[in-house]
file start-v6.cif (mmCIF, C-alpha atoms and all ligand atoms)
data_data
#
loop_
_atom_site.label_atom_id
_atom_site.label_comp_id
_atom_site.auth_asym_id
_atom_site.auth_seq_id
_atom_site.Cartn_x
_atom_site.Cartn_y
_atom_site.Cartn_z
CA MET W 14 -6.79 -12.67 7.40
CA GLU W 15 -5.55 -9.84 9.60
CA LYS W 16 -1.99 -10.00 8.20
CA GLU W 17 -3.15 -9.55 4.63
CA LYS W 18 -5.01 -6.32 5.32
CA PRO W 19 -3.46 -3.20 3.77
CA ILE W 20 -1.69 -0.37 5.60
CA GLY W 21 -3.66 2.90 5.57
CA VAL W 22 -1.92 6.21 4.93
CA PHE W 23 -3.47 9.67 4.96
CA ASP W 24 -2.26 13.13 4.18
CA SER W 25 -3.77 16.55 3.58
CA GLY W 26 -3.23 16.05 -0.15
CA VAL W 27 -0.69 14.71 -2.57
CA GLY W 28 2.42 15.24 -0.39
CA GLY W 29 2.04 12.03 1.58
CA LEU W 30 2.93 10.11 -1.55
CA THR W 31 6.57 10.90 -0.72
CA VAL W 32 5.96 8.81 2.42
CA VAL W 33 4.21 6.07 0.42
CA LYS W 34 7.32 5.91 -1.77
CA ARG W 35 9.42 5.24 1.36
CA LEU W 36 6.91 2.69 2.66
CA ILE W 37 7.04 0.79 -0.64
CA SER W 38 10.86 0.59 -0.32
CA ALA W 39 10.72 -0.56 3.31
CA LEU W 40 7.72 -2.91 2.91
CA PRO W 41 7.46 -3.89 -0.77
CA ASN W 42 4.99 -6.74 -0.19
CA GLU W 43 2.50 -4.77 1.88
CA SER W 44 -0.54 -3.26 0.16
CA ILE W 45 -1.32 0.38 0.84
CA VAL W 46 -4.57 2.36 0.84
CA TYR W 47 -3.83 6.08 0.55
CA PHE W 48 -6.23 8.90 1.23
CA GLY W 49 -5.24 12.43 0.20
CA ASP W 50 -7.59 15.16 1.40
CA THR W 51 -7.10 17.24 -1.73
CA ALA W 52 -10.42 19.07 -1.33
CA ARG W 53 -9.38 20.52 2.04
CA VAL W 54 -5.61 20.95 1.61
CA PRO W 55 -3.61 22.76 3.02
CA TYR W 56 -3.72 21.74 6.67
CA GLY W 57 -0.60 23.76 7.49
CA SER W 58 -2.51 27.03 7.74
CA LYS W 59 -5.60 25.65 9.52
CA SER W 60 -6.56 25.70 13.20
CA ASN W 61 -5.80 22.76 15.48
CA GLU W 62 -9.54 22.00 15.90
CA THR W 63 -10.04 21.71 12.16
CA VAL W 64 -6.96 19.55 11.62
CA ILE W 65 -8.14 17.20 14.41
CA GLU W 66 -11.66 16.96 12.94
CA TYR W 67 -10.31 16.19 9.46
CA SER W 68 -7.78 13.68 10.81
CA ILE W 69 -10.54 11.75 12.60
CA GLN W 70 -12.64 11.64 9.44
CA ASN W 71 -9.67 10.49 7.36
CA THR W 72 -8.84 7.73 9.83
CA LYS W 73 -12.47 6.54 9.86
CA PHE W 74 -12.36 6.34 6.07
CA LEU W 75 -9.20 4.22 6.13
CA LEU W 76 -10.66 1.92 8.77
CA GLN W 77 -13.67 1.38 6.50
CA LYS W 78 -11.15 0.15 3.95
CA ASN W 79 -10.15 -2.45 6.52
CA VAL W 80 -6.57 -1.30 7.17
CA LYS W 81 -4.42 -2.94 9.86
CA ALA W 82 -2.52 0.23 10.80
CA VAL W 83 -2.72 3.94 10.00
CA VAL W 84 0.24 6.07 8.99
CA VAL W 85 -0.30 9.80 9.41
CA ALA W 86 1.95 10.94 6.58
CA CYS W 87 1.06 14.59 7.05
CA ASN W 88 3.50 16.26 9.45
CA THR W 89 0.91 18.91 10.33
CA ALA W 90 -1.71 16.30 11.26
CA SER W 91 0.97 14.30 13.10
CA SER W 92 1.92 17.42 15.08
CA ILE W 93 -1.61 18.22 16.12
CA ALA W 94 -3.80 15.12 16.03
CA ILE W 95 -1.67 12.06 16.78
CA GLU W 96 -2.56 11.77 20.48
CA VAL W 97 -6.29 12.17 19.78
CA LEU W 98 -6.16 9.52 17.05
CA LYS W 99 -4.26 7.09 19.29
CA LYS W 100 -6.91 7.51 22.00
CA GLU W 101 -9.85 7.33 19.62
CA PHE W 102 -8.90 4.34 17.46
CA ASP W 103 -7.90 0.82 18.26
CA VAL W 104 -5.27 0.22 15.53
CA PRO W 105 -1.57 1.12 15.52
CA ILE W 106 -1.25 4.80 14.52
CA ILE W 107 2.17 5.98 13.39
CA GLY W 108 2.97 9.64 12.80
CA MET W 109 6.02 11.43 11.45
CA ILE W 110 7.23 13.43 14.46
CA GLU W 111 8.63 10.82 16.84
CA PRO W 112 10.42 8.79 14.12
CA GLY W 113 11.87 11.96 12.56
CA ALA W 114 13.03 13.28 15.93
CA LYS W 115 14.63 9.96 16.92
CA SER W 116 16.43 9.73 13.61
CA ALA W 117 17.76 13.29 14.00
CA LEU W 118 18.95 12.55 17.53
CA ALA W 119 20.77 9.46 16.31
CA THR W 120 22.43 11.52 13.57
CA THR W 121 23.54 14.75 15.26
CA GLN W 122 27.07 15.04 16.61
CA ASN W 123 27.06 18.62 17.85
CA LYS W 124 23.50 18.39 19.30
CA LYS W 125 22.30 21.33 17.21
CA ILE W 126 19.28 20.40 15.12
CA GLY W 127 17.21 22.47 12.69
CA VAL W 128 13.58 21.77 11.84
CA ILE W 129 11.61 23.10 8.87
CA GLY W 130 7.87 22.58 8.34
CA THR W 131 4.52 24.25 7.79
CA ARG W 132 3.47 27.14 10.02
CA ALA W 133 1.21 24.81 12.04
CA THR W 134 3.96 22.25 12.64
CA ILE W 135 6.44 24.93 13.68
CA ASN W 136 3.96 26.97 15.77
CA ASN W 137 2.92 23.82 17.64
CA LYS W 138 6.61 23.10 18.38
CA ALA W 139 5.91 19.47 17.60
CA TYR W 140 9.47 18.50 16.69
CA SER W 141 11.25 20.68 19.26
CA ASN W 142 9.09 19.36 22.12
CA GLN W 143 9.69 15.79 21.00
CA LEU W 144 13.44 16.34 20.57
CA LEU W 145 13.82 18.00 23.96
CA LYS W 146 11.82 15.16 25.55
CA LEU W 147 14.36 12.75 24.07
CA ASN W 148 17.36 14.83 25.15
CA GLU W 149 17.05 18.11 27.00
CA LYS W 150 20.62 19.14 26.12
CA LEU W 151 19.77 19.53 22.43
CA GLU W 152 19.60 22.94 20.83
CA VAL W 153 16.70 23.08 18.38
CA PHE W 154 16.08 25.83 15.82
CA GLU W 155 12.79 25.86 13.91
CA LYS W 156 11.67 27.72 10.81
CA ALA W 157 8.36 27.61 8.92
CA CYS W 158 8.84 27.42 5.15
CA PRO W 159 5.29 27.56 3.77
CA LEU W 160 6.24 28.46 0.18
CA PHE W 161 8.11 25.17 -0.25
CA VAL W 162 4.74 23.37 -0.57
CA PRO W 163 3.51 25.14 -3.73
CA LEU W 164 7.04 25.13 -5.19
CA ALA W 165 7.21 21.32 -4.84
CA GLU W 166 3.73 20.93 -6.30
CA GLU W 167 4.73 23.15 -9.19
CA GLY W 168 7.59 20.74 -9.84
CA TRP W 169 10.11 23.59 -9.41
CA ILE W 170 12.68 21.20 -8.02
CA GLU W 171 15.74 23.19 -9.08
CA HIS W 172 14.18 26.45 -10.22
CA LYS W 173 15.97 29.75 -9.60
CA ALA W 174 12.99 30.96 -7.55
CA THR W 175 13.25 27.89 -5.32
CA TYR W 176 16.93 28.67 -4.61
CA GLU W 177 16.11 32.29 -3.81
CA ILE W 178 13.27 31.37 -1.45
CA ALA W 179 15.40 28.68 0.19
CA GLU W 180 18.19 31.25 0.72
CA GLU W 181 15.71 33.54 2.44
CA TYR W 182 14.14 30.85 4.62
CA LEU W 183 17.32 29.03 5.60
CA ARG W 184 19.55 32.06 6.27
CA GLU W 185 18.88 32.08 10.03
CA LEU W 186 19.38 28.33 10.36
CA ARG W 187 22.68 28.55 8.48
CA GLU W 188 24.01 30.86 11.18
CA LYS W 189 23.17 28.39 13.97
CA ASP W 190 25.86 25.82 13.16
CA ILE W 191 23.32 22.96 12.95
CA ASP W 192 24.66 19.62 11.71
CA THR W 193 21.23 18.02 11.18
CA LEU W 194 18.05 19.36 9.55
CA ILE W 195 14.65 17.65 9.80
CA LEU W 196 12.53 17.96 6.64
CA GLY W 197 9.33 18.21 8.69
CA CYS W 198 6.83 18.35 5.84
CA THR W 199 5.70 15.83 3.24
CA HIS W 200 6.76 18.04 0.34
CA TYR W 201 10.28 18.94 1.37
CA PRO W 202 12.07 15.75 0.25
CA ILE W 203 11.11 16.79 -3.31
CA LEU W 204 13.22 19.94 -2.82
CA SER W 205 16.06 18.23 -0.95
CA LYS W 206 18.67 19.03 -3.60
CA VAL W 207 18.12 22.78 -3.26
CA ILE W 208 17.75 22.60 0.51
CA GLN W 209 21.01 20.65 0.81
CA GLN W 210 22.85 23.10 -1.42
CA VAL W 211 21.60 26.14 0.50
CA ILE W 212 22.01 24.79 4.04
CA GLY W 213 25.44 23.34 3.26
CA LYS W 214 26.74 19.91 2.34
CA ASN W 215 27.87 19.09 5.88
CA VAL W 216 24.34 19.25 7.27
CA ASN W 217 22.53 15.88 7.38
CA LEU W 218 18.98 16.03 6.04
CA ILE W 219 16.45 13.85 7.86
CA ASP W 220 13.49 12.62 5.81
CA SER W 221 10.81 11.82 8.40
CA GLY W 222 9.11 9.54 5.87
CA VAL W 223 12.18 7.27 5.77
CA ALA W 224 12.37 7.15 9.57
CA ALA W 225 8.61 6.53 9.94
CA SER W 226 8.61 3.72 7.33
CA GLU W 227 11.21 1.87 9.34
CA ILE W 228 9.08 2.28 12.49
CA VAL W 229 6.02 0.97 10.59
CA ARG W 230 8.03 -2.07 9.49
CA GLN W 231 9.21 -2.76 13.05
CA GLU W 232 5.77 -2.19 14.56
CA ILE W 233 3.77 -4.49 12.29
CA GLU W 234 6.46 -7.15 12.68
CA ARG W 235 6.36 -6.75 16.48
CA ILE W 236 2.60 -7.25 16.61
CA GLY W 237 2.74 -10.16 14.16
CA LEU W 238 0.87 -8.43 11.34
CA SER W 239 3.47 -8.54 8.53
CA THR W 240 2.05 -9.96 5.31
CA ASN W 241 2.99 -13.50 4.28
CA SER W 242 2.79 -12.49 0.64
CA SER W 243 5.96 -12.40 -1.46
CA ALA W 244 4.22 -10.55 -4.31
CA LYS W 245 4.50 -6.81 -4.81
CA GLY W 246 1.80 -4.99 -2.77
CA ASN W 247 -0.95 -2.89 -4.40
CA VAL W 248 -1.30 0.83 -3.88
CA SER W 249 -4.88 2.20 -4.00
CA LEU W 250 -5.28 5.96 -4.19
CA TYR W 251 -8.32 7.81 -2.86
CA VAL W 252 -8.71 11.59 -2.80
CA SER W 253 -11.44 14.04 -1.82
CA ASP W 254 -11.03 16.02 -5.04
CA ILE W 255 -9.27 15.30 -8.31
CA SER W 256 -7.59 18.47 -9.52
CA THR W 257 -6.56 18.74 -13.16
CA ASN W 258 -2.86 18.22 -12.47
CA PHE W 259 -3.21 15.70 -9.63
CA LYS W 260 -2.00 12.72 -11.68
CA SER W 261 1.25 14.36 -12.78
CA ILE W 262 2.08 15.68 -9.29
CA ALA W 263 1.20 12.30 -7.79
CA GLU W 264 3.59 10.58 -10.19
CA LEU W 265 6.38 13.06 -9.34
CA PHE W 266 5.91 12.51 -5.60
CA LEU W 267 5.41 8.75 -5.77
CA GLY W 268 8.15 8.20 -8.33
CA GLN W 269 6.03 5.79 -10.36
CA ASN W 270 3.02 5.75 -12.70
CA VAL W 271 -0.44 6.10 -11.25
CA ASP W 272 -3.25 4.17 -13.00
CA GLU W 273 -6.37 4.83 -10.99
CA ILE W 274 -7.45 7.63 -8.62
CA ILE W 275 -10.81 7.34 -6.88
CA LYS W 276 -12.71 10.35 -5.54
CA VAL W 277 -14.50 9.89 -2.21
CA ASP W 278 -16.50 11.98 0.24
CA VAL W 279 -15.07 11.56 3.74
CA GLU W 280 -17.12 14.29 5.41
CA ASN W 281 -20.20 12.11 5.61
CA ILE W 282 -18.67 8.93 6.97
N1 LIG I 301 1.15 17.58 4.24
C1 LIG I 301 1.47 18.81 4.92
C2 LIG I 301 2.59 18.53 5.95
O1 LIG I 301 3.34 17.57 5.85
C3 LIG I 301 1.89 19.89 3.97
C4 LIG I 301 0.75 20.47 3.15
C5 LIG I 301 -0.32 21.12 4.00
O2 LIG I 301 -0.12 22.23 4.53
O3 LIG I 301 -1.39 20.53 4.12
O4 LIG I 301 2.72 19.26 6.90
#

call {"tool": "encode", "arguments": {"input": "start-v6.cif", "output": "structure tokens"}}
result
Amino acid sequence: MEKEKPIGVFDSGVGGLTVVKRLISALPNESIVYFGDTARVPYGSKSNETVIEYSIQNTKFLLQKNVKAVVVACNTASSIAIEVLKKEFDVPIIGMIEPGAKSALATTQNKKIGVIGTRATINNKAYSNQLLKLNEKLEVFEKACPLFVPLAEEGWIEHKATYEIAEEYLRELREKDIDTLILGCTHYPILSKVIQQVIGKNVNLIDSGVAASEIVRQEIERIGLSTNSSAKGNVSLYVSDISTNFKSIAELFLGQNVDEIIKVDVENI
């Protein structure tokens, strides 16, 4: 039955598990099929053409797993490929940018919003374009913070080096009097304690994964595809490469134990 199909989620690697964690909280009875493109990560430093090609392959893989909707957990892929995916595929496709931007707009008081993300997300101005489309009076300040990705994967959640790098990256934003900061990358919620401390306690942090999970809940309810099950949903994890430390990072990001990880080849789908 259509309603009992799982929700598909893809990311460039392990980071999207922070979004899966939010989806499990918002939709505990839904099953999830996750694909992490660990063989080809990072996407944040790749060209738009490549990110689009990979995003199409990843979506095809999830559709083969019979998913009822696709969540693009990767902010970089959401920035670059969401419109192509929506045109190409006939299932609901939900990315991170619009939900994150709407949540920031609903939060800001002084209309000054900061955005941090990968180089690709920031260079494509994905969040600032979306925010200004929602309200042209906003002032948006963006900053790429590429080193946050390896720091999160290293588990350096409160390490001295993470503070120092955050000080360096966030200095300019701190001078802009922002009251809201979008964590525009899958990995950044892992570092939210340091980011909050450095940017200042009065700045509201927006986790796009939280905002997107709520949109996914509303969307599948709207189209009548919410599961009837009252049991806890399953989470199946597929990756394109299993690195030695994948399991421990996955557990840190997901916030729960991981039993099985299946390696797949999505390039030849
Ligand atoms: N998942 C990516 C994002 O949210 C971060 C890692 C990468 O560069 O692939 O933008």

call {"tool": "residues_around", "arguments": {"input": "start-v6.cif", "residues": "Ala39 (chain W)", "least_positions_apart": "2", "cutoff": "7 Å", "atoms": "only C-alpha atoms", "output": "ChimeraX atom specification"}}
result
/W:35-37,41,226-227,230

call {"tool": "residues_around", "arguments": {"input": "start-v6.cif", "residues": "region 92-108 of chain W", "least_positions_apart": "6", "cutoff": "8 Å", "atoms": "only C-alpha atoms", "output": "number ranges by chain"}}
result
W: 61, 64-65, 68-69, 72, 81-86, 134, 137, 139-140, 225, 228-229

call {"tool": "closest_residue", "arguments": {"input": "start-v6.cif", "among": "W:Asn217, W:Ser239, W:Asn136, W:Thr120", "to": "ligand LIG 301 (chain I)", "atoms": "all atoms listed in the file"}}
result
W:Asn136

call {"tool": "residues_around", "arguments": {"input": "start-v6.cif", "residues": "Phe154 (chain W)", "least_positions_apart": "6", "cutoff": "12 Å", "atoms": "only C-alpha atoms", "output": "list of chain:residue names"}}
result
W:Lys124, W:Lys125, W:Ile126, W:Gly127, W:Val128, W:Ile129, W:Gly130, W:Ile135, W:Lys138, W:Tyr140, W:Ser141, W:Asn142, W:Leu144, W:Leu145, W:Leu183, W:Arg184, W:Glu185, W:Leu186, W:Arg187, W:Glu188, W:Lys189, W:Asp190, W:Ile191, W:Asp192, W:Thr193, W:Leu194, W:Ile195

call {"tool": "residues_near_point", "arguments": {"input": "start-v6.cif", "point": "(12.2, 7.6, 12.4)", "cutoff": "10 Å", "atoms": "all atoms listed in the file", "output": "count of residues only"}}
result
23

call {"tool": "residues_near_ligand", "arguments": {"input": "start-v6.cif", "ligand": "ligand LIG 301 (chain I)", "cutoff": "9 Å", "atoms": "all atoms listed in the file", "output": "PyMOL selection string"}}
result
chain W and resi 24-29+50-51+53-59+86-92+109+130-134+159+162-163+197-201

call {"tool": "closest_residue", "arguments": {"input": "start-v6.cif", "among": "W:Glu43, W:Glu234, W:Glu171, W:Glu180", "to": "Ser205 (chain W)", "atoms": "all atoms listed in the file"}}
result
W:Glu171

call {"tool": "closest_residue", "arguments": {"input": "start-v6.cif", "among": "W:Ala179, W:Ile170, W:Ile233, W:Val216", "to": "Val80 (chain W)", "atoms": "all atoms listed in the file"}}
result
W:Ile233

call {"tool": "closest_atom_pairs", "arguments": {"input": "start-v6.cif", "of": "region 97-190 of chain W", "to": "region 255-274 of chain W", "cutoff": "9 Å", "atoms": "all atoms listed in the file", "output": "CSV"}}
result
residue,atom,partner,partner_atom,distance
W:Ala165,CA,W:Ile262,CA,8.8
W:Glu166,CA,W:Ile262,CA,6.3
W:Glu167,CA,W:Ile262,CA,7.9
W:Gly168,CA,W:Ile262,CA,7.5

call {"tool": "atom_distance", "arguments": {"input": "start-v6.cif", "atom1": "CA of Lys276 (chain W)", "atom2": "CA of Leu250 (chain W)"}}
result
8.7 Å

call {"tool": "build_atoms", "arguments": {"input": "start-v6.cif", "residues": "region 90-104 of chain W", "atoms": "N, CA, C and O atoms", "output": "mmCIF file, keeping the file's coordinate frame"}}
result
data_model
loop_
_atom_site.group_PDB
_atom_site.id
_atom_site.type_symbol
_atom_site.label_atom_id
_atom_site.label_comp_id
_atom_site.auth_asym_id
_atom_site.auth_seq_id
_atom_site.Cartn_x
_atom_site.Cartn_y
_atom_site.Cartn_z
ATOM 1 N N ALA W 90 -0.738 17.142 10.530
ATOM 2 C CA ALA W 90 -1.710 16.300 11.260
ATOM 3 C C ALA W 90 -1.003 15.498 12.350
ATOM 4 O O ALA W 90 -1.542 15.321 13.447
ATOM 5 N N SER W 91 0.208 15.033 12.073
ATOM 6 C CA SER W 91 0.970 14.300 13.100
ATOM 7 C C SER W 91 1.255 15.212 14.293
ATOM 8 O O SER W 91 1.179 14.785 15.437
ATOM 9 N N SER W 92 1.587 16.470 14.008
ATOM 10 C CA SER W 92 1.920 17.420 15.080
ATOM 11 C C SER W 92 0.740 17.661 15.991
ATOM 12 O O SER W 92 0.902 17.816 17.185
ATOM 13 N N ILE W 93 -0.444 17.730 15.386
ATOM 14 C CA ILE W 93 -1.610 18.220 16.120
ATOM 15 C C ILE W 93 -2.530 17.087 16.607
ATOM 16 O O ILE W 93 -3.063 17.143 17.712
ATOM 17 N N ALA W 94 -2.701 16.061 15.770
ATOM 18 C CA ALA W 94 -3.800 15.120 16.030
ATOM 19 C C ALA W 94 -3.376 13.732 16.507
ATOM 20 O O ALA W 94 -4.238 12.917 16.850
ATOM 21 N N ILE W 95 -2.086 13.453 16.567
ATOM 22 C CA ILE W 95 -1.670 12.060 16.780
ATOM 23 C C ILE W 95 -2.185 11.487 18.115
ATOM 24 O O ILE W 95 -2.663 10.349 18.160
ATOM 25 N N GLU W 96 -2.133 12.293 19.175
ATOM 26 C CA GLU W 96 -2.560 11.770 20.480
ATOM 27 C C GLU W 96 -4.060 11.484 20.485
ATOM 28 O O GLU W 96 -4.501 10.469 21.018
ATOM 29 N N VAL W 97 -4.834 12.372 19.872
ATOM 30 C CA VAL W 97 -6.290 12.170 19.780
ATOM 31 C C VAL W 97 -6.578 10.888 18.995
ATOM 32 O O VAL W 97 -7.392 10.057 19.410
ATOM 33 N N LEU W 98 -5.911 10.709 17.889
ATOM 34 C CA LEU W 98 -6.160 9.520 17.050
ATOM 35 C C LEU W 98 -5.796 8.243 17.809
ATOM 36 O O LEU W 98 -6.506 7.243 17.737
ATOM 37 N N LYS W 99 -4.687 8.287 18.533
ATOM 38 C CA LYS W 99 -4.260 7.090 19.290
ATOM 39 C C LYS W 99 -5.292 6.736 20.351
ATOM 40 O O LYS W 99 -5.519 5.561 20.624
ATOM 41 N N LYS W 100 -5.891 7.758 20.970
ATOM 42 C CA LYS W 100 -6.910 7.510 22.000
ATOM 43 C C LYS W 100 -8.204 7.002 21.372
ATOM 44 O O LYS W 100 -8.856 6.116 21.889
ATOM 45 N N GLU W 101 -8.545 7.573 20.237
ATOM 46 C CA GLU W 101 -9.850 7.330 19.620
ATOM 47 C C GLU W 101 -9.942 5.979 18.897
ATOM 48 O O GLU W 101 -10.992 5.377 18.846
ATOM 49 N N PHE W 102 -8.827 5.516 18.331
ATOM 50 C CA PHE W 102 -8.900 4.340 17.460
ATOM 51 C C PHE W 102 -8.030 3.199 17.979
ATOM 52 O O PHE W 102 -6.951 3.434 18.536
ATOM 53 N N ASP W 103 -8.512 1.994 17.685
ATOM 54 C CA ASP W 103 -7.900 0.820 18.260
ATOM 55 C C ASP W 103 -6.975 0.085 17.266
ATOM 56 O O ASP W 103 -7.007 -1.136 17.190
ATOM 57 N N VAL W 104 -6.259 0.828 16.442
ATOM 58 C CA VAL W 104 -5.270 0.220 15.530
ATOM 59 C C VAL W 104 -3.947 0.958 15.770
ATOM 60 O O VAL W 104 -3.970 2.089 16.268
#
